[in-house]
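S.K.: To be precise about what I am sending: the file is called structure_6.cif and holds mmCIF, C-alpha atoms.
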data_work
#
loop_
_atom_site.label_atom_id
_atom_site.label_comp_id
_atom_site.auth_asym_id
_atom_site.auth_seq_id
_atom_site.Cartn_x
_atom_site.Cartn_y
_atom_site.Cartn_z
CA MET A 12 103.00 104.41 99.22
CA LEU A 13 99.94 103.92 97.02
CA GLY A 14 98.65 100.44 97.83
CA ALA A 15 94.88 100.77 97.64
CA GLY A 16 94.22 99.89 94.00
CA LEU A 17 92.05 96.96 92.94
CA GLY A 18 94.55 95.45 90.49
CA THR A 19 91.81 94.53 88.02
CA ARG A 20 94.19 93.84 85.10
CA LEU A 21 96.06 91.30 87.23
CA ARG A 22 92.98 89.27 88.13
CA PRO A 23 92.54 86.50 89.14
CA LEU A 24 95.87 86.86 90.96
CA THR A 25 94.57 89.88 92.86
CA ASP A 26 91.58 87.91 94.07
CA SER A 27 94.07 86.29 96.47
CA ARG A 28 96.46 89.14 97.21
CA PRO A 29 96.41 92.92 96.73
CA LYS A 30 98.64 93.76 93.80
CA PRO A 31 101.39 95.40 95.92
CA LEU A 32 101.74 92.12 97.83
CA VAL A 33 102.11 89.70 94.92
CA PRO A 34 105.43 87.86 95.31
CA ILE A 35 108.44 88.47 93.08
CA PHE A 36 110.71 85.49 93.64
CA GLN A 37 108.93 85.14 97.01
CA LYS A 38 109.40 88.79 98.04
CA PRO A 39 106.24 91.00 98.29
CA LEU A 40 106.28 93.60 95.52
CA ILE A 41 105.81 96.62 97.79
CA THR A 42 108.85 95.73 99.90
CA PHE A 43 111.10 96.51 96.93
CA ALA A 44 109.77 100.07 97.01
CA LEU A 45 110.34 100.29 100.76
CA ASP A 46 113.91 99.01 100.38
CA HIS A 47 114.46 101.48 97.54
CA LEU A 48 113.27 104.41 99.65
CA ILE A 49 115.22 103.33 102.74
CA ALA A 50 118.39 103.29 100.64
CA ALA A 51 117.53 106.84 99.52
CA GLY A 52 117.22 108.02 103.13
CA VAL A 53 113.48 107.82 103.78
CA GLY A 54 112.75 107.04 107.43
CA GLU A 55 108.96 106.71 107.74
CA PHE A 56 106.21 105.33 105.55
CA VAL A 57 102.46 105.65 105.09
CA ILE A 58 100.68 103.04 102.96
CA ASN A 59 97.08 103.53 101.87
CA THR A 60 95.01 100.34 101.70
CA HIS A 61 91.60 99.19 100.49
CA HIS A 62 91.43 95.83 98.70
CA LEU A 63 92.29 92.90 101.01
CA ALA A 64 93.57 95.39 103.56
CA SER A 65 93.96 92.73 106.25
CA GLN A 66 96.97 91.35 104.37
CA PHE A 67 98.77 94.68 104.77
CA GLU A 68 97.89 94.60 108.44
CA GLU A 69 99.38 91.13 108.72
CA LEU A 70 102.61 92.08 106.93
CA PHE A 71 103.07 95.40 108.73
CA GLY A 72 101.22 94.60 111.94
CA SER A 73 104.29 95.44 114.00
CA GLY A 74 104.10 99.04 112.72
CA GLU A 75 107.54 98.87 111.17
CA TYR A 76 109.62 97.51 108.32
CA ARG A 77 113.34 96.99 108.79
CA GLY A 78 113.21 99.29 111.81
CA HIS A 79 111.35 102.10 109.99
CA ARG A 80 107.87 103.18 111.05
CA VAL A 81 105.00 102.07 108.81
CA ALA A 82 101.51 103.53 109.25
CA LEU A 83 98.49 102.25 107.32
CA SER A 84 95.79 104.58 106.02
CA HIS A 85 92.75 102.44 105.30
CA GLU A 86 90.11 103.59 102.80
CA PRO A 87 86.75 101.84 103.29
CA ASP A 88 85.72 103.48 100.02
CA LEU A 89 88.41 103.81 97.37
CA LEU A 90 89.50 107.45 97.07
CA GLU A 91 92.00 107.21 94.15
CA THR A 92 95.43 108.81 94.28
CA GLY A 93 94.52 112.38 95.22
CA GLY A 94 91.87 111.43 97.73
CA GLY A 95 94.19 108.85 99.25
CA ILE A 96 96.94 111.42 99.76
CA LYS A 97 94.46 113.81 101.40
CA ARG A 98 93.12 111.13 103.74
CA ALA A 99 96.67 110.36 104.89
CA GLN A 100 97.48 114.04 105.60
CA ASN A 101 97.66 113.68 109.37
CA LEU A 102 99.98 110.70 109.05
CA ILE A 103 102.22 112.38 106.47
CA GLY A 104 102.60 115.63 108.40
CA ASP A 105 103.86 118.99 107.16
CA GLN A 106 107.15 118.04 105.51
CA PRO A 107 107.84 117.30 101.82
CA PHE A 108 107.13 113.67 100.97
CA ILE A 109 107.57 111.11 98.22
CA VAL A 110 104.63 109.38 96.53
CA TYR A 111 105.53 105.95 95.14
CA SER A 112 103.12 103.53 93.46
CA GLY A 113 103.02 100.14 95.12
CA ASP A 114 102.66 98.24 91.84
CA ILE A 115 105.94 99.10 90.12
CA LEU A 116 109.38 97.59 90.39
CA THR A 117 112.29 99.95 89.76
CA ASP A 118 115.71 101.15 90.82
CA ILE A 119 115.60 104.63 89.29
CA ASP A 120 117.76 107.27 90.95
CA ILE A 121 115.52 108.71 93.67
CA GLY A 122 118.35 110.98 94.82
CA ALA A 123 118.32 112.73 91.44
CA LEU A 124 114.55 113.22 91.74
CA VAL A 125 114.83 114.72 95.24
CA ASP A 126 117.73 116.98 94.18
CA GLU A 127 115.73 118.28 91.20
CA HIS A 128 112.81 119.09 93.48
CA PHE A 129 114.73 121.18 95.99
CA GLN A 130 117.31 122.76 93.69
CA HIS A 131 114.61 124.25 91.47
CA GLY A 132 112.05 125.14 94.13
CA ASN A 133 109.30 122.94 92.70
CA GLU A 134 105.97 122.33 94.38
CA VAL A 135 105.84 118.86 92.85
CA THR A 136 108.48 116.95 90.87
CA LEU A 137 107.63 113.93 88.74
CA ALA A 138 109.99 111.16 87.69
CA LEU A 139 109.64 110.86 83.90
CA ARG A 140 110.84 108.23 81.47
CA ASP A 141 110.05 106.17 78.39
CA THR A 142 107.88 103.51 80.02
CA GLY A 143 106.63 101.75 76.89
CA PHE A 144 103.22 103.34 77.29
CA ALA A 145 102.03 106.25 75.15
CA PRO A 146 103.65 109.55 76.22
CA SER A 147 101.31 111.52 78.44
CA ILE A 148 103.53 114.31 79.81
CA GLY A 149 104.22 117.65 78.15
CA PHE A 150 107.70 118.66 79.32
CA ARG A 151 109.82 121.72 78.56
CA ASP A 152 112.76 123.41 80.32
CA GLY A 153 112.46 121.25 83.41
CA LEU A 154 108.73 121.91 83.87
CA VAL A 155 105.68 119.77 83.21
CA THR A 156 103.36 121.70 80.90
CA ASP A 157 100.51 119.21 80.55
CA ILE A 158 99.39 115.77 81.70
CA ARG A 159 96.88 113.86 79.58
CA LYS A 160 96.52 110.93 77.24
CA GLY A 161 96.76 111.54 73.54
CA LEU A 162 99.26 114.40 73.68
CA GLY A 163 100.77 113.35 70.35
CA SER A 164 103.93 115.22 69.41
CA GLU A 165 103.62 117.38 72.53
CA GLY A 166 104.14 114.36 74.75
CA ARG A 167 107.72 113.20 75.15
CA TYR A 168 107.62 111.02 78.26
CA ASP A 169 105.37 109.15 80.62
CA PHE A 170 105.07 109.42 84.40
CA ALA A 171 107.23 106.81 86.14
CA ASN A 172 104.93 106.68 89.21
CA VAL A 173 107.41 108.19 91.67
CA SER A 174 107.25 111.86 92.68
CA VAL A 175 108.16 114.43 95.35
CA TRP A 176 105.52 116.74 96.84
CA ASN A 177 105.42 119.78 99.07
CA PRO A 178 102.69 119.68 101.75
CA SER A 179 100.97 122.64 100.06
CA ILE A 180 99.21 120.00 97.91
CA PHE A 181 96.88 119.27 100.81
CA GLU A 182 95.21 122.68 100.39
CA ARG A 183 94.25 121.75 96.83
CA ILE A 184 92.62 118.36 97.42
CA PRO A 185 89.04 118.34 98.75
CA ALA A 186 88.61 116.17 101.84
CA GLY A 187 86.71 112.89 101.50
CA GLU A 188 86.44 113.11 97.72
CA LYS A 189 87.35 110.36 95.28
CA ILE A 190 89.77 112.06 92.90
CA SER A 191 92.99 111.39 91.02
CA PHE A 192 95.88 113.75 91.65
CA VAL A 193 96.23 114.31 87.86
CA PRO A 194 93.45 116.96 87.52
CA ILE A 195 94.80 118.59 90.69
CA LEU A 196 98.21 118.94 89.03
CA VAL A 197 96.75 120.08 85.70
CA ASP A 198 94.82 122.85 87.47
CA TRP A 199 97.91 123.79 89.49
CA ILE A 200 99.97 124.08 86.30
CA ALA A 201 97.28 126.26 84.71
CA ARG A 202 97.45 128.59 87.72
CA GLY A 203 101.21 128.95 87.47
CA GLY A 204 102.22 126.27 89.95
CA ARG A 205 105.71 124.94 89.53
CA VAL A 206 105.38 121.26 88.67
CA GLY A 207 108.77 120.00 87.57
CA GLY A 208 110.14 116.79 86.19
CA VAL A 209 113.37 114.91 85.74
CA VAL A 210 113.96 112.27 83.08
CA LEU A 211 115.21 109.02 84.59
CA ASN A 212 115.59 106.59 81.70
CA GLU A 213 118.57 104.81 83.20
CA ARG A 214 118.19 101.65 85.28
CA GLY A 215 115.21 99.33 85.37
CA TRP A 216 111.49 100.10 85.53
CA PHE A 217 108.75 97.49 85.38
CA ASN A 218 105.00 97.86 85.58
CA VAL A 219 103.53 94.73 87.19
CA GLY A 220 99.99 95.21 85.91
CA SER A 221 99.16 92.03 83.98
CA ARG A 222 99.98 88.33 84.12
CA LYS A 223 102.33 88.77 81.12
CA GLU A 224 104.18 91.59 82.88
CA TYR A 225 104.29 89.54 86.07
CA LEU A 226 105.90 86.60 84.27
CA ASP A 227 108.18 88.88 82.23
CA VAL A 228 109.62 90.40 85.42
CA HIS A 229 110.53 86.94 86.67
CA ARG A 230 112.07 86.11 83.30
CA THR A 231 114.18 89.29 83.34
CA ILE A 232 115.40 88.71 86.89
CA PHE A 233 116.17 85.04 86.17
CA SER A 234 118.23 85.96 83.12
CA GLY A 235 120.37 88.24 85.26
CA GLY A 236 119.11 91.40 83.62
CA TRP A 237 118.05 93.18 86.81
CA LEU A 238 119.28 93.05 90.40
CA PRO A 239 118.78 96.32 92.34
CA SER A 240 121.68 97.43 94.50
CA TYR A 241 119.36 98.53 97.32
CA LEU A 242 118.34 94.98 98.28
CA THR A 243 119.85 93.78 101.55
CA ASP A 244 118.95 90.08 101.27
CA PRO A 245 121.94 88.28 99.72
CA GLY A 246 119.76 85.22 99.09
CA TRP A 247 117.39 86.94 96.69
CA PRO A 248 116.15 85.96 94.14
CA LYS A 249 114.82 82.80 95.80
CA ALA A 250 113.58 80.12 93.41
CA ILE A 251 112.57 77.40 95.89
CA SER A 252 111.55 78.08 99.48
CA PRO A 253 113.37 76.04 102.13
CA SER A 254 109.96 75.11 103.57
CA ALA A 255 108.65 73.74 100.25
CA CYS A 256 108.37 69.98 99.80
CA VAL A 257 109.68 69.06 96.35
CA ALA A 258 109.80 65.43 95.25
CA ALA A 259 113.20 64.18 94.15
CA THR A 260 111.74 63.18 90.79
CA ALA A 261 110.28 66.63 90.08
CA SER A 262 111.83 68.88 87.42
CA ILE A 263 111.90 72.65 88.04
CA ARG A 264 113.02 74.61 84.98
CA GLY A 265 113.38 78.17 83.71
CA PHE A 266 112.34 81.00 86.03
CA SER A 267 109.98 78.76 88.00
CA VAL A 268 109.41 79.63 91.66
CA VAL A 269 108.10 77.40 94.45
CA GLY A 270 106.77 79.29 97.49
CA ALA A 271 106.74 78.57 101.20
CA GLY A 272 104.96 75.39 102.25
CA ALA A 273 104.20 74.39 98.66
CA GLU A 274 104.12 70.70 97.75
CA ILE A 275 105.45 69.46 94.40
CA GLY A 276 104.61 65.81 93.68
CA ASP A 277 106.46 62.98 91.98
CA GLN A 278 107.45 63.41 88.32
CA VAL A 279 106.05 66.94 88.19
CA GLU A 280 107.44 69.20 85.46
CA LEU A 281 107.36 72.96 86.04
CA ASN A 282 108.61 75.26 83.31
CA ASP A 283 108.48 79.06 83.76
CA THR A 284 105.76 78.58 86.36
CA ILE A 285 105.17 80.49 89.62
CA VAL A 286 103.80 78.49 92.55
CA TRP A 287 102.68 80.60 95.49
CA ASP A 288 102.68 79.63 99.16
CA HIS A 289 101.06 76.35 100.27
CA ALA A 290 99.95 75.41 96.77
CA LYS A 291 99.97 71.73 95.75
CA ILE A 292 101.01 70.31 92.39
CA ALA A 293 99.75 66.77 91.85
CA SER A 294 102.09 63.97 90.79
CA ARG A 295 102.87 63.78 87.06
CA ALA A 296 101.46 67.29 86.44
CA ASN A 297 103.08 69.28 83.66
CA LEU A 298 102.78 73.08 83.92
CA GLU A 299 104.23 75.69 81.58
CA SER A 300 103.85 79.48 81.99
CA CYS A 301 101.33 79.00 84.77
CA ILE A 302 100.66 80.79 88.06
CA VAL A 303 99.28 78.76 90.94
CA ARG A 304 97.90 80.95 93.74
CA ASP A 305 98.14 80.46 97.50
CA GLY A 306 96.72 77.15 98.67
CA ARG A 307 95.43 76.08 95.23
CA ARG A 308 95.89 72.63 93.70
CA ALA A 309 96.94 72.00 90.09
CA GLU A 310 97.01 68.72 88.18
CA GLY A 311 97.31 67.44 84.63
CA ILE A 312 98.82 69.26 81.66
CA LEU A 313 98.36 73.03 81.89
CA ARG A 314 99.62 75.82 79.65
CA ALA A 315 99.41 79.58 80.46
CA ALA A 316 96.82 78.92 83.15
CA ASP A 317 96.08 80.81 86.36
CA ILE A 318 94.93 78.48 89.12
#
What would you get if you wrote out this structure as structure tokens?
M.R.:
Amino acid sequence: MLGAGLGTRLRPLTDSRPKPLVPIFQKPLITFALDHLIAAGVGEFVINTHHLASQFEELFGSGEYRGHRVALSHEPDLLETGGGIKRAQNLIGDQPFIVYSGDILTDIDIGALVDEHFQHGNEVTLALRDTGFAPSIGFRDGLVTDIRKGLGSEGRYDFANVSVWNPSIFERIPAGEKISFVPILVDWIARGGRVGGVVLNERGWFNVGSRKEYLDVHRTIFSGGWLPSYLTDPGWPKAISPSACVAATASIRGFSVVGAGAEIGDQVELNDTIVWDHAKIASRANLESCIVRDGRRAEGILRAADI
């Protein structure tokens, strides 16, 4: 699980939480990925951390999630995707493994990805799809032929940020070096390495990289457009935490969420607004399309503001 990124496009939200831990209807983003992988048969996890790493330690301090082992691989200096995988080598071991970005929300068919990997003897297999970003993957006859921006007509799909790897990748990544796994794969392809792909356009896929995307995910879930079958909590999505204190005269509308320990004052109006844990909304405040971070206080009339 890739959890070490800085989440710069999601600032200021990521000044309070690492991006993989931002709440989606009160559930930390990365736990969707863990639930997804557990449903696909994965039994152990390694999460690399860097920014606000203590929050990962707090969430996974028991060393497990839903009875499955979770190990943290901390990077004092950010190593990017390739360097992060190499640093976690001893924790990952010598078996094939899945790499899953901690900042996406999806229910793509992981079983189809794993089957493609083993049935065709690939070294690496990438999940591909139309993500809404510019195509960056050259793909032909089940094999990835190139990975780079600006492929033009050669690019048909984008990388969906989930992949299967053989442990032979560790031999190709220099230890202690800050490096993306993309140039590693491009070089491997050039040397005849079998890097495959499978197109998984069915089901949902959301990049949670900006405040707009963060709010859009809540809007989609609220409208009933996405509810992954792998979730085990029958109470999700949760709009208002049982521990929140909401005045009887307050009005909570749209896809608004009120987190644990939050306080919503008299005659408050919230419309399509996300209130994180222990935040306080002053009486008679009117917020629309806002995000109020942990422990912050909001008052007055606010539109599209991050507090």
S.K.: Extract, using all atoms listed in the file, all DNA, RNA and protein residues at most 10 Å from stretch 70-74 of chain A, discarding same-chain residues fewer than 4 positions from it, and format them as a PyMOL selection string.
M.R.: chain A and resi 32+39+56+58+65-66+78-83
S.K.: Atom CA of A:Ser221 and atom CA of A:Ile195 are how many Å apart?
M.R.: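 About the pair atom CA of A:Ser221 and atom CA of A:Ile195: they are 27.7 Å apart.
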S.K.: Determine, counting all atoms listed in the file, which protein, DNA and RNA residues have an atom within 9 Å of an atom of A:Ile232; residues of the same chain fewer than 4 positions away are not included. Present the result as a list in words.
M.R.: Phe36, Asp227, Val228, Gly236, Trp237, Leu238, Pro248 and Phe266 of chain A
S.K.: As an exercise, work out the distance from atom CA of A:Phe233 to atom CA of A:Gly265 in Å and give it to one decimal place.
M.R.: 7.8 Å
S.K.: For each of A:Phe144, A:Trp247, A:Phe67, A:Phe108, take the minimum atom-to-atom distance to A:Val175, counting only C-alpha atoms, then give the residue where this is smallest.
M.R.: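 Residue with the minimum atom-to-atom distance to A:Val175: A:Phe108.
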S.K.: Go through A:Pro34, A:Gly208, A:Pro185, A:Gly203 one by one, measure the shortest atom-to-atom distance of each to A:Ala171 using only C-alpha atoms, and give the residue with the smallest value.
M.R.: A:Gly208
S.K.: I'd like the residues picked by the PyMOL selection byres ((chain A and resi 279) around 8) written out as a PDB file with C-alpha atoms, in the coordinates of the input, using the chain letters and numbers from the file.
M.R.:
ATOM      1  CA  THR A 260     111.740  63.180  90.790  1.00  0.00           C
ATOM      2  CA  ALA A 261     110.280  66.630  90.080  1.00  0.00           C
ATOM      3  CA  SER A 262     111.830  68.880  87.420  1.00  0.00           C
ATOM      4  CA  ILE A 275     105.450  69.460  94.400  1.00  0.00           C
ATOM      5  CA  GLY A 276     104.610  65.810  93.680  1.00  0.00           C
ATOM      6  CA  ASP A 277     106.460  62.980  91.980  1.00  0.00           C
ATOM      7  CA  GLN A 278     107.450  63.410  88.320  1.00  0.00           C
ATOM      8  CA  GLU A 280     107.440  69.200  85.460  1.00  0.00           C
ATOM      9  CA  LEU A 281     107.360  72.960  86.040  1.00  0.00           C
ATOM     10  CA  ILE A 292     101.010  70.310  92.390  1.00  0.00           C
ATOM     11  CA  ALA A 293      99.750  66.770  91.850  1.00  0.00           C
ATOM     12  CA  SER A 294     102.090  63.970  90.790  1.00  0.00           C
ATOM     13  CA  ARG A 295     102.870  63.780  87.060  1.00  0.00           C
ATOM     14  CA  ALA A 296     101.460  67.290  86.440  1.00  0.00           C
ATOM     15  CA  ASN A 297     103.080  69.280  83.660  1.00  0.00           C
TER      16      ASN A 297
END
S.K.: When the PyMOL selection byres ((chain A and resi 318) around 9) is applied to the file above, which residues end up in the set, as JSON, numbers by chain?
M.R.: {"A": [23, 24, 301, 302, 303, 304, 307, 308, 309, 316, 317]}
S.K.: Atom CA of A:Glu86 and atom CA of A:Arg98 are how many Å apart?
M.R.: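 Interatomic distance here is 8.2 Å.
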S.K.: With N, CA and C atoms as the target, complete stretch 63-85 of chain A and hand it back as a compact mmCIF listing (two decimals), keeping the file's coordinate frame.
M.R.:
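Below you can see result-v4.txt, which holds the result:
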# COMPACT_ATOMS: atom_id res chain seq x y z
N LEU A 63 91.61 93.90 100.18
CA LEU A 63 92.29 92.90 101.01
C LEU A 63 93.24 93.55 102.01
N ALA A 64 92.74 94.59 102.66
CA ALA A 64 93.57 95.39 103.56
C ALA A 64 94.15 94.58 104.72
N SER A 65 93.48 93.52 105.12
CA SER A 65 93.96 92.73 106.25
C SER A 65 95.33 92.12 105.97
N GLN A 66 95.66 91.91 104.70
CA GLN A 66 96.97 91.35 104.37
C GLN A 66 98.09 92.37 104.61
N PHE A 67 97.79 93.65 104.40
CA PHE A 67 98.77 94.68 104.77
C PHE A 67 98.94 94.72 106.28
N GLU A 68 97.83 94.58 106.98
CA GLU A 68 97.89 94.60 108.44
C GLU A 68 98.71 93.43 108.97
N GLU A 69 98.60 92.30 108.31
CA GLU A 69 99.38 91.13 108.72
C GLU A 69 100.87 91.34 108.46
N LEU A 70 101.20 91.89 107.29
CA LEU A 70 102.61 92.08 106.93
C LEU A 70 103.26 93.18 107.75
N PHE A 71 102.50 94.25 108.02
CA PHE A 71 103.07 95.40 108.73
C PHE A 71 102.42 95.60 110.11
N GLY A 72 101.92 94.52 110.67
CA GLY A 72 101.22 94.60 111.94
C GLY A 72 102.08 95.11 113.09
N SER A 73 103.39 94.96 112.95
CA SER A 73 104.29 95.44 114.00
C SER A 73 104.47 96.96 113.95
N GLY A 74 103.95 97.59 112.88
CA GLY A 74 104.10 99.04 112.72
C GLY A 74 105.46 99.47 112.22
N GLU A 75 106.22 98.50 111.69
CA GLU A 75 107.54 98.87 111.17
C GLU A 75 107.97 97.90 110.08
N TYR A 76 108.97 98.34 109.33
CA TYR A 76 109.62 97.51 108.32
C TYR A 76 111.10 97.83 108.36
N ARG A 77 111.90 96.82 108.66
CA ARG A 77 113.34 96.99 108.79
C ARG A 77 113.70 98.14 109.74
N GLY A 78 112.93 98.27 110.82
CA GLY A 78 113.21 99.29 111.81
C GLY A 78 112.68 100.66 111.48
N HIS A 79 111.92 100.81 110.40
CA HIS A 79 111.35 102.10 109.99
C HIS A 79 109.84 102.06 110.19
N ARG A 80 109.29 103.14 110.73
CA ARG A 80 107.87 103.18 111.05
C ARG A 80 107.01 103.05 109.79
N VAL A 81 105.98 102.23 109.89
CA VAL A 81 105.00 102.07 108.81
C VAL A 81 103.61 102.30 109.39
N ALA A 82 102.89 103.28 108.86
CA ALA A 82 101.51 103.53 109.25
C ALA A 82 100.60 103.19 108.07
N LEU A 83 99.45 102.61 108.36
CA LEU A 83 98.49 102.25 107.32
C LEU A 83 97.31 103.21 107.34
N SER A 84 96.93 103.69 106.17
CA SER A 84 95.79 104.58 106.02
C SER A 84 94.72 103.84 105.24
N HIS A 85 93.75 103.27 105.96
CA HIS A 85 92.75 102.44 105.30
C HIS A 85 91.63 103.29 104.70
